[in-house]
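Heads up, target.cif below (mmCIF, C-alpha atoms and all ligand atoms):
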```cif
data_start
loop_
_atom_site.label_atom_id
_atom_site.label_comp_id
_atom_site.auth_asym_id
_atom_site.auth_seq_id
_atom_site.Cartn_x
_atom_site.Cartn_y
_atom_site.Cartn_z
CA LEU A 169 24.87 -51.34 29.49
CA PHE A 170 23.51 -49.98 32.71
CA ASP A 171 26.07 -47.17 32.82
CA GLN A 172 23.70 -45.29 30.54
CA VAL A 173 20.81 -45.57 32.97
CA PRO A 174 20.23 -42.27 34.79
CA ALA A 175 21.27 -42.03 38.43
CA VAL A 176 18.02 -41.67 40.36
CA PRO A 177 18.19 -39.89 43.73
CA PRO A 178 16.80 -41.91 46.66
CA ASP A 179 13.15 -41.41 47.60
CA GLY A 180 13.13 -38.58 50.14
CA THR A 181 10.61 -40.12 52.55
CA PHE A 182 12.18 -43.58 52.63
CA ALA A 183 15.65 -42.01 52.99
CA LEU A 184 14.48 -40.11 56.07
CA VAL A 185 13.10 -43.27 57.64
CA GLU A 186 16.48 -44.94 57.07
CA ALA A 187 18.32 -41.94 58.56
CA TYR A 188 16.04 -42.10 61.61
CA ARG A 189 16.72 -45.83 62.04
CA ALA A 190 20.46 -45.24 61.88
CA ASP A 191 20.31 -42.37 64.40
CA ASP A 192 21.27 -43.72 67.85
CA HIS A 193 20.37 -40.61 69.86
CA HIS A 194 18.19 -41.63 72.80
CA LEU A 195 15.75 -38.73 72.36
CA LYS A 196 15.17 -39.11 68.61
CA VAL A 197 11.59 -38.62 67.42
CA ASN A 198 10.20 -39.66 64.05
CA LEU A 199 7.46 -37.28 62.89
CA THR A 200 7.73 -38.13 59.19
CA PRO A 201 5.52 -41.13 58.31
CA GLY A 202 1.80 -41.15 57.70
CA ILE A 203 1.61 -44.40 59.61
CA TYR A 204 -0.37 -44.58 62.83
CA ARG A 205 1.53 -45.23 66.05
CA ASP A 206 0.08 -45.88 69.50
CA GLU A 207 0.75 -43.93 72.72
CA ASN A 208 4.18 -45.61 72.92
CA ALA A 209 5.01 -44.71 69.29
CA LYS A 210 4.65 -48.41 68.35
CA PRO A 211 2.70 -49.94 65.41
CA TRP A 212 -0.90 -50.68 66.38
CA VAL A 213 -2.96 -53.64 65.20
CA LEU A 214 -6.60 -52.55 65.40
CA PRO A 215 -8.58 -54.80 67.80
CA SER A 216 -11.20 -55.37 65.06
CA VAL A 217 -8.44 -56.48 62.67
CA LYS A 218 -6.89 -58.71 65.33
CA GLN A 219 -10.20 -60.53 65.84
CA ALA A 220 -10.89 -60.94 62.13
CA ARG A 221 -7.33 -62.15 61.55
CA ALA A 222 -7.52 -64.69 64.36
CA ALA A 223 -10.75 -66.11 62.93
CA LEU A 224 -9.23 -66.36 59.45
CA LEU A 225 -6.12 -68.10 60.72
CA ALA A 226 -8.19 -70.57 62.72
CA ASP A 227 -10.28 -71.46 59.68
CA GLN A 228 -8.87 -74.80 58.49
CA SER A 229 -10.93 -74.65 55.29
CA LEU A 230 -9.24 -71.47 54.10
CA ASN A 231 -7.45 -72.12 50.82
CA HIS A 232 -5.13 -70.16 48.57
CA ASP A 233 -7.03 -70.27 45.31
CA ILE A 234 -6.67 -67.31 43.00
CA LEU A 235 -9.19 -64.49 43.43
CA PRO A 236 -11.65 -63.46 40.69
CA GLN A 237 -10.26 -60.99 38.18
CA LEU A 238 -11.79 -57.92 39.81
CA GLY A 239 -10.63 -59.05 43.24
CA HIS A 240 -12.24 -60.35 46.44
CA THR A 241 -15.97 -60.04 45.86
CA GLN A 242 -17.15 -59.35 49.43
CA PHE A 243 -14.27 -56.96 49.96
CA LEU A 244 -15.27 -55.00 46.86
CA SER A 245 -18.91 -54.71 47.85
CA ALA A 246 -17.92 -53.51 51.33
CA ALA A 247 -15.36 -51.06 49.92
CA ARG A 248 -17.93 -49.59 47.59
CA GLN A 249 -20.50 -49.28 50.36
CA LEU A 250 -17.94 -47.54 52.55
CA ALA A 251 -17.15 -44.97 49.89
CA PHE A 252 -20.63 -44.31 48.50
CA LYS A 253 -23.14 -45.75 50.98
CA ASP A 254 -26.56 -45.37 49.30
CA THR A 255 -25.75 -42.55 46.87
CA LEU A 256 -25.31 -44.62 43.74
CA ASP A 257 -28.88 -44.71 42.40
CA GLY A 258 -28.82 -44.22 38.67
CA ARG A 259 -25.04 -44.36 38.43
CA PHE A 260 -22.97 -47.17 36.96
CA VAL A 261 -19.87 -48.07 38.92
CA THR A 262 -16.98 -50.37 38.15
CA SER A 263 -14.90 -51.43 41.15
CA ILE A 264 -11.64 -53.32 41.08
CA GLN A 265 -9.31 -54.37 43.88
CA THR A 266 -5.90 -52.69 43.74
CA ILE A 267 -2.50 -52.77 45.39
CA SER A 268 -3.58 -50.30 48.04
CA GLY A 269 -4.09 -46.58 47.37
CA THR A 270 -0.92 -46.37 45.30
CA GLY A 271 -2.21 -49.08 42.97
CA ALA A 272 -5.63 -47.43 42.71
CA ASN A 273 -4.00 -44.13 41.72
CA HIS A 274 -1.84 -46.01 39.25
CA PHE A 275 -4.74 -47.90 37.65
CA ILE A 276 -6.82 -44.79 37.04
CA ALA A 277 -3.79 -42.98 35.62
CA SER A 278 -3.19 -45.94 33.27
CA LEU A 279 -6.84 -46.09 32.22
CA LEU A 280 -6.98 -42.38 31.41
CA ALA A 281 -3.54 -42.25 29.80
CA SER A 282 -4.14 -45.18 27.50
CA HIS A 283 -7.69 -44.40 26.40
CA LEU A 284 -8.74 -40.82 27.14
CA HIS A 285 -5.38 -39.05 26.68
CA PRO A 286 -5.79 -36.05 29.00
CA LYS A 287 -3.47 -33.16 28.11
CA ALA A 288 -2.77 -32.54 31.78
CA VAL A 289 -3.39 -33.84 35.26
CA TRP A 290 -3.99 -31.14 37.89
CA ILE A 291 -2.37 -31.84 41.23
CA PRO A 292 -2.83 -29.76 44.41
CA ASP A 293 0.10 -27.69 45.63
CA PRO A 294 1.28 -29.24 47.88
CA THR A 295 0.29 -32.89 47.76
CA TRP A 296 1.42 -36.43 48.52
CA ASP A 297 4.75 -36.72 46.65
CA ASN A 298 3.77 -39.87 44.86
CA HIS A 299 1.01 -38.22 42.82
CA GLN A 300 3.74 -36.70 40.67
CA GLY A 301 5.70 -39.97 40.69
CA ILE A 302 2.78 -42.16 39.63
CA TRP A 303 1.75 -39.94 36.73
CA ARG A 304 5.34 -39.43 35.58
CA HIS A 305 5.79 -43.20 35.61
CA VAL A 306 2.54 -43.95 33.77
CA ASP A 307 2.91 -41.34 31.03
CA PRO A 308 5.58 -38.65 31.14
CA GLY A 309 3.85 -37.05 28.13
CA ILE A 310 0.89 -35.96 30.24
CA GLU A 311 1.64 -32.56 31.75
CA ARG A 312 1.62 -32.53 35.54
CA ARG A 313 0.26 -29.12 36.49
CA THR A 314 -0.35 -27.85 39.99
CA TYR A 315 -3.34 -25.86 41.21
CA PRO A 316 -3.03 -23.52 44.22
CA TYR A 317 -4.28 -25.16 47.40
CA TYR A 318 -2.53 -24.14 50.59
CA ASP A 319 -1.99 -20.53 51.61
CA GLU A 320 0.99 -20.40 53.97
CA ASN A 321 -0.08 -17.01 55.30
CA THR A 322 -3.50 -18.09 56.49
CA PHE A 323 -2.74 -21.79 57.07
CA GLY A 324 -5.91 -22.35 55.03
CA ILE A 325 -6.98 -22.98 51.45
CA ASP A 326 -6.79 -20.26 48.83
CA GLY A 327 -10.15 -21.21 47.35
CA ASP A 328 -10.35 -18.25 44.94
CA ALA A 329 -6.95 -19.01 43.44
CA LEU A 330 -7.82 -22.71 43.23
CA LEU A 331 -11.06 -22.11 41.33
CA SER A 332 -9.76 -19.34 39.06
CA THR A 333 -6.68 -21.34 38.06
CA LEU A 334 -8.82 -24.27 36.99
CA ARG A 335 -11.38 -22.03 35.30
CA GLU A 336 -8.73 -20.13 33.34
CA GLN A 337 -6.15 -22.79 32.59
CA ALA A 338 -7.61 -26.30 32.62
CA ASN A 339 -8.68 -27.92 29.36
CA PRO A 340 -11.65 -30.22 28.75
CA GLY A 341 -10.64 -33.81 29.42
CA ASP A 342 -7.92 -32.92 31.92
CA ALA A 343 -7.85 -34.99 35.11
CA ILE A 344 -7.77 -33.42 38.56
CA ILE A 345 -6.65 -35.08 41.79
CA LEU A 346 -8.71 -34.19 44.88
CA HIS A 347 -7.93 -35.41 48.39
CA ALA A 348 -11.32 -36.61 49.63
CA CYS A 349 -10.52 -35.79 53.29
CA ALA A 350 -7.62 -35.14 55.67
CA HIS A 351 -5.43 -33.56 53.00
CA ASN A 352 -1.82 -34.75 52.97
CA PRO A 353 0.36 -32.83 53.86
CA THR A 354 -1.58 -29.75 55.01
CA GLY A 355 -4.37 -31.15 57.20
CA VAL A 356 -6.79 -28.63 55.65
CA ASP A 357 -9.91 -29.69 53.74
CA PRO A 358 -12.28 -27.65 51.53
CA SER A 359 -15.52 -26.37 53.08
CA PRO A 360 -18.78 -27.75 51.62
CA GLU A 361 -19.12 -24.46 49.68
CA LEU A 362 -15.68 -24.86 48.16
CA TRP A 363 -16.40 -28.49 47.28
CA GLU A 364 -19.50 -27.24 45.49
CA GLY A 365 -17.38 -24.69 43.61
CA ILE A 366 -14.91 -27.40 42.63
CA ALA A 367 -17.73 -29.66 41.41
CA GLN A 368 -19.11 -26.78 39.31
CA VAL A 369 -15.73 -26.04 37.71
CA CYS A 370 -15.26 -29.73 36.93
CA GLU A 371 -18.66 -29.77 35.23
CA GLU A 372 -18.19 -26.49 33.37
CA LYS A 373 -14.74 -27.40 32.12
CA GLY A 374 -15.36 -31.11 31.54
CA LEU A 375 -12.63 -32.22 33.97
CA PHE A 376 -12.29 -35.77 35.28
CA PRO A 377 -12.04 -35.75 39.11
CA ILE A 378 -10.01 -38.43 40.87
CA PHE A 379 -10.75 -38.59 44.58
CA ASP A 380 -7.84 -39.90 46.57
CA LEU A 381 -9.55 -41.47 49.58
CA ALA A 382 -6.65 -42.56 51.78
CA TYR A 383 -7.72 -41.27 55.19
CA GLN A 384 -11.40 -42.15 55.59
CA GLY A 385 -12.06 -42.09 59.33
CA PHE A 386 -9.02 -39.96 60.14
CA ALA A 387 -10.55 -36.54 59.45
CA THR A 388 -13.51 -36.59 61.82
CA GLY A 389 -13.26 -40.11 63.23
CA ASP A 390 -16.49 -40.89 61.35
CA VAL A 391 -16.29 -42.69 58.00
CA ASP A 392 -19.56 -41.22 56.75
CA ASN A 393 -18.58 -37.62 57.44
CA ASP A 394 -15.24 -38.25 55.81
CA ALA A 395 -16.87 -39.52 52.62
CA TRP A 396 -19.06 -36.41 52.33
CA ALA A 397 -17.26 -34.91 49.32
CA VAL A 398 -17.28 -38.18 47.37
CA ARG A 399 -20.98 -38.72 48.06
CA HIS A 400 -21.76 -35.10 47.24
CA PHE A 401 -20.20 -35.53 43.80
CA THR A 402 -22.19 -38.72 43.30
CA THR A 403 -25.54 -37.20 44.22
CA ARG A 404 -25.05 -33.85 42.52
CA SER A 405 -24.17 -35.64 39.34
CA SER A 406 -27.11 -38.03 39.50
CA GLY A 407 -29.55 -35.50 38.10
CA ASN A 408 -30.97 -34.46 41.50
CA ASN A 409 -29.05 -31.24 41.60
CA ASN A 410 -31.27 -28.97 39.48
CA ASN A 411 -28.44 -27.80 37.28
CA ASN A 412 -28.24 -28.30 33.56
CA ASN A 413 -24.72 -29.64 33.38
CA THR A 414 -23.94 -33.13 32.18
CA PRO A 415 -23.46 -35.45 35.20
CA LEU A 416 -19.84 -35.86 36.19
CA GLU A 417 -17.96 -39.06 35.68
CA PHE A 418 -15.19 -39.58 38.22
CA ALA A 419 -13.06 -42.07 40.12
CA VAL A 420 -12.28 -42.89 43.75
CA ALA A 421 -8.86 -44.33 44.65
CA GLN A 422 -9.43 -45.95 48.02
CA SER A 423 -6.79 -47.16 50.48
CA PHE A 424 -7.25 -49.37 53.54
CA SER A 425 -3.69 -48.87 54.77
CA LYS A 426 -4.58 -46.19 57.31
CA SER A 427 -8.21 -46.95 58.09
CA PHE A 428 -7.47 -50.60 58.93
CA GLY A 429 -3.77 -50.25 59.80
CA LEU A 430 -3.04 -52.75 57.03
CA TYR A 431 -0.06 -50.88 55.61
CA SER A 432 1.96 -53.93 54.57
CA GLU A 433 -0.98 -55.92 53.22
CA ARG A 434 -1.60 -53.43 50.36
CA VAL A 435 -5.40 -53.39 50.37
CA GLY A 436 -7.16 -50.93 48.07
CA ALA A 437 -9.88 -50.42 45.50
CA LEU A 438 -10.57 -48.25 42.51
CA HIS A 439 -14.15 -47.22 41.78
CA VAL A 440 -15.01 -45.57 38.48
CA VAL A 441 -18.40 -43.84 38.31
CA ALA A 442 -19.72 -43.78 34.74
CA ARG A 443 -22.71 -42.10 33.19
CA THR A 444 -23.92 -45.13 31.23
CA ARG A 445 -24.06 -48.90 31.63
CA ASP A 446 -22.09 -49.28 28.42
CA GLY A 447 -19.38 -46.92 29.70
CA ALA A 448 -19.07 -48.83 32.96
CA ALA A 449 -18.84 -52.17 31.11
CA LYS A 450 -16.04 -50.83 28.94
CA VAL A 451 -14.16 -49.52 31.98
CA ASP A 452 -14.54 -52.99 33.49
CA GLY A 453 -12.86 -54.54 30.45
CA VAL A 454 -9.98 -52.07 30.35
CA LEU A 455 -9.28 -52.33 34.07
CA LYS A 456 -9.25 -56.12 33.90
CA ARG A 457 -6.77 -55.93 31.06
CA ILE A 458 -4.48 -53.52 32.95
CA SER A 459 -4.70 -55.67 36.07
CA ARG A 460 -3.99 -58.87 34.13
CA ALA A 461 -0.90 -57.41 32.50
CA GLU A 462 0.50 -55.98 35.72
CA ILE A 463 -0.59 -58.26 38.56
CA THR A 464 -2.78 -61.07 37.16
CA SER A 465 -4.59 -61.42 40.47
CA MET A 466 -4.73 -59.43 43.69
CA PRO A 467 -3.41 -60.70 47.04
CA ALA A 468 -6.20 -62.03 49.24
CA PHE A 469 -5.26 -61.88 52.91
CA GLY A 470 -5.74 -58.17 53.66
CA ALA A 471 -8.91 -58.04 51.57
CA ARG A 472 -10.30 -61.01 53.53
CA ILE A 473 -9.67 -59.17 56.79
CA VAL A 474 -11.44 -56.02 55.60
CA ALA A 475 -14.36 -58.04 54.23
CA ALA A 476 -14.66 -59.99 57.50
CA VAL A 477 -14.78 -56.79 59.55
CA LEU A 478 -17.19 -54.87 57.33
CA HIS A 479 -19.61 -57.77 56.85
CA ASP A 480 -19.93 -58.47 60.57
CA PRO A 481 -21.94 -55.88 62.54
CA VAL A 482 -20.09 -56.60 65.80
CA LEU A 483 -16.65 -56.31 64.23
CA GLU A 484 -17.72 -53.28 62.25
CA ALA A 485 -18.85 -51.53 65.42
CA GLN A 486 -15.49 -52.38 66.99
CA TRP A 487 -13.71 -50.98 63.92
CA ARG A 488 -15.63 -47.70 64.11
CA GLN A 489 -14.50 -47.53 67.73
CA ASP A 490 -10.91 -48.25 66.66
CA LEU A 491 -11.05 -45.31 64.25
CA LYS A 492 -12.18 -43.11 67.10
CA THR A 493 -9.29 -44.38 69.22
CA MET A 494 -6.81 -43.41 66.49
CA SER A 495 -8.31 -40.05 65.57
CA GLY A 496 -8.87 -39.27 69.28
CA ARG A 497 -5.23 -39.91 70.13
CA LEU A 498 -4.11 -37.68 67.25
CA ALA A 499 -6.48 -34.91 68.39
CA SER A 500 -5.17 -35.08 71.94
CA MET A 501 -1.58 -34.87 70.66
CA ARG A 502 -2.54 -31.81 68.62
CA LYS A 503 -3.82 -30.22 71.82
CA ARG A 504 -0.72 -31.12 73.82
CA LEU A 505 1.71 -29.81 71.19
CA TYR A 506 -0.27 -26.60 70.89
CA GLU A 507 -0.27 -26.10 74.67
CA GLU A 508 3.47 -26.72 74.92
CA LEU A 509 4.31 -24.38 72.02
CA VAL A 510 2.14 -21.59 73.41
CA ARG A 511 3.39 -22.10 76.98
CA ARG A 512 6.92 -21.43 75.73
CA GLY A 513 5.81 -18.34 73.80
CA THR A 514 7.06 -19.93 70.57
CA PRO A 515 7.00 -17.20 67.88
CA GLY A 516 4.46 -17.86 65.12
CA ARG A 517 0.76 -18.64 64.90
CA TRP A 518 -0.03 -22.15 66.09
CA GLY A 519 -3.84 -22.17 66.30
CA HIS A 520 -4.08 -24.21 63.10
CA VAL A 521 -2.38 -27.13 64.87
CA LEU A 522 -5.62 -27.48 66.85
CA THR A 523 -8.01 -27.08 63.94
CA ASP A 524 -6.17 -29.00 61.19
CA ILE A 525 -7.55 -32.41 60.32
CA GLY A 526 -6.06 -35.89 60.23
CA MET A 527 -2.48 -36.99 60.74
CA PHE A 528 -0.59 -33.90 59.56
CA SER A 529 0.03 -30.19 59.96
CA MET A 530 2.48 -27.85 58.29
CA THR A 531 4.81 -26.30 60.86
CA GLY A 532 5.90 -23.48 58.56
CA LEU A 533 9.54 -24.44 59.23
CA SER A 534 11.81 -23.82 56.22
CA PRO A 535 13.83 -26.72 54.75
CA GLU A 536 16.90 -25.24 56.52
CA LYS A 537 15.11 -25.26 59.87
CA VAL A 538 13.88 -28.81 59.22
CA ALA A 539 17.49 -29.87 58.60
CA ALA A 540 18.60 -28.03 61.72
CA ILE A 541 15.97 -29.60 64.01
CA LYS A 542 17.10 -33.01 62.77
CA ASP A 543 20.79 -32.28 63.29
CA ARG A 544 20.50 -30.51 66.64
CA PHE A 545 17.58 -32.32 68.27
CA HIS A 546 17.13 -35.55 66.28
CA VAL A 547 13.52 -34.62 65.52
CA TYR A 548 12.57 -35.75 62.01
CA LEU A 549 10.04 -33.86 59.83
CA LEU A 550 9.52 -33.87 56.06
CA PRO A 551 11.60 -31.22 54.22
CA ASN A 552 8.42 -29.25 53.44
CA GLY A 553 7.86 -28.78 57.19
CA ARG A 554 5.09 -31.40 57.51
CA LEU A 555 4.73 -32.85 60.99
CA SER A 556 2.98 -36.19 61.44
CA PHE A 557 1.21 -36.35 64.79
CA THR A 558 1.40 -40.13 64.68
CA GLY A 559 4.89 -40.07 66.24
CA LEU A 560 4.01 -37.76 69.13
CA THR A 561 3.44 -39.22 72.59
CA GLU A 562 3.04 -37.93 76.14
CA GLY A 563 6.66 -38.99 76.56
CA ASN A 564 8.11 -36.82 73.78
CA VAL A 565 5.69 -33.94 73.17
CA GLU A 566 7.48 -31.54 75.56
CA TYR A 567 10.85 -32.37 73.99
CA VAL A 568 9.44 -31.79 70.49
CA ALA A 569 7.85 -28.46 71.50
CA GLU A 570 11.10 -27.34 73.12
CA SER A 571 13.05 -28.35 69.98
CA ILE A 572 10.67 -26.38 67.74
CA TYR A 573 10.92 -23.40 70.12
CA GLN A 574 14.73 -23.49 70.07
CA ILE A 575 14.86 -23.84 66.29
CA VAL A 576 12.42 -20.97 65.72
CA VAL A 577 14.17 -18.52 68.07
CA HIS A 578 17.80 -19.42 67.25
N1 LIG A 601 -2.88 -41.08 48.85
C1 LIG A 601 -2.40 -40.30 49.82
C2 LIG A 601 -2.83 -38.88 49.87
C3 LIG A 601 -1.51 -40.82 50.77
O1 LIG A 601 -1.05 -40.03 51.73
C4 LIG A 601 -1.14 -42.18 50.68
C5 LIG A 601 -0.17 -42.78 51.66
N2 LIG A 601 0.74 -42.01 52.23
C6 LIG A 601 -1.68 -42.95 49.66
C7 LIG A 601 -2.55 -42.37 48.76
C8 LIG A 601 -1.40 -44.41 49.40
O2 LIG A 601 -1.00 -45.20 50.38
P1 LIG A 601 -1.09 -46.80 50.22
O3 LIG A 601 -0.54 -47.13 48.88
O4 LIG A 601 -0.31 -47.31 51.35
O5 LIG A 601 -2.52 -47.11 50.34
#
```
For this file, produce the structure as structure tokens.
Ligand code: PMP
Amino acid sequence: LFDQVPAVPPDGTFALVEAYRADDHHLKVNLTPGIYRDENAKPWVLPSVKQARAALLADQSLNHDILPQLGHTQFLSAARQLAFKDTLDGRFVTSIQTISGTGANHFIASLLASHLHPKAVWIPDPTWDNHQGIWRHVDPGIERRTYPYYDENTFGIDGDALLSTLREQANPGDAIILHACAHNPTGVDPSPELWEGIAQVCEEKGLFPIFDLAYQGFATGDVDNDAWAVRHFTTRSSGNNNNNNTPLEFAVAQSFSKSFGLYSERVGALHVVARTRDGAAKVDGVLKRISRAEITSMPAFGARIVAAVLHDPVLEAQWRQDLKTMSGRLASMRKRLYEELVRRGTPGRWGHVLTDIGMFSMTGLSPEKVAAIKDRFHVYLLPNGRLSFTGLTEGNVEYVAESIYQIVVH
């Protein structure tokens, strides 16, 4: 029976992690995962999370009853506040807990695919690999089209190409995925002017924006700055924007993996912003039905931790500090790698390493060079040349810079 099942190649990212584990070279460096590591390249439990977790574990009255259908109530209110703050006046929002950011992306794809039938979903080129995977899995009949994003020559965004492609080729009702901040894999985010242009195209063409909010706090170290684009879409579409377009309806797929370091707990939320109360109520019903069929009820532990942190001013202040610790370490590693590359006279332009945002930068190394740096130096990058600064430390940054130098010149 199963002989007829297609042979599926292994997932590239997970395969690289396995290859790294199996590599016994003493200088090996893993620069592939978007998972924060501390100054010793070890997993880091945020101090705010540690405190909230300890209090939960000490609470003898804690039980394991099933959560409400939409998820942990205090978690959801905190998640919504984090994404939108006070920009929701006059909007109707449905929020549901999800299996992390992946689950939030999956739920919105399922909702659109089953009820609104977009002809296409527009995905930035490049993007997080799983955007393609999720949409292919949910409905292979929906075209997965890419819009130009990254310009390899300028290490920036080709905003004109982005806007003109959507203007000329997108159809009303199509969905479009937007990274809310700290774009994966490029580390380059739209300027406020470009965000405004994107919002206008979405309105003109009747597109449905899906914000993927996976790195709030990792772009600037400040959760409010990092939610600017989401909140801009909310306020410009609330009727305060002096334009005559119909207010946008859109979704936010929110992950707490990175911002709370809760990768294995799978904590996320999906928020759908609707134009009418009736629309929001219907979304509520459909999402509950999807969730019931797929999961029945969300896991509680990670959501309890997030709720405990965000509903306690002292813990919340600690958490904001923790975000600064993480984003600060990444920024200092950017500086160190840049210095070491320039000190060696490494051919190429490296200034973007300093100005890119979040966990990642594109090195510009070809897939062949990426394979070569792994084979010769045991330094692991993604095949598209993405380098994750999370794996860099004071102890390995010189070795990594020297490896890049050697690979570029030979
Ligand atoms: N969106 C983007 C852009 C990501 O990079 C990731 C994680 N790599 C996710 C969503 C989802 O991650 P998770 O399911 O762990 O929240």
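Counting only C-alpha atoms, the residue from A:Glu536, A:Asp452, A:Glu562, A:Glu508 that sits nearest to A:Phe260 is A:Asp452.
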Env. residues ligand LIG 601 (chain A) / 6 Å / all atoms listed in the file / as a ChimeraX atom specification:
/A:202,268-270,296,352,380,382,423,425,431
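Counting from atom CA of A:Arg434, the distance to atom CA of A:Leu550 is 23.2 Å.
Nearest to A:Ala187 of all the residues A:Thr200, A:Ala226, A:Glu462, A:Leu284 is A:Thr200, based on all atoms listed in the file.
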Figure out the distance between atom CA of A:Leu555 and atom CA of A:Met530, please, to one decimal in Å.
6.1 Å
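With distances taken over all atoms listed in the file, A:Pro316 is the one residue among A:Pro211, A:Gly309, A:Pro316, A:Pro178 lying closest to A:Pro294.
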Report, in Å with one decimal, the straight-line distance from atom CA of A:His439 to atom CA of A:Gly526.
23.1 Å
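Shortest separation to A:Gly271 among A:His299, A:His194, A:Arg248, A:His351 occurs at residue A:His299, atoms counted being all atoms listed in the file.
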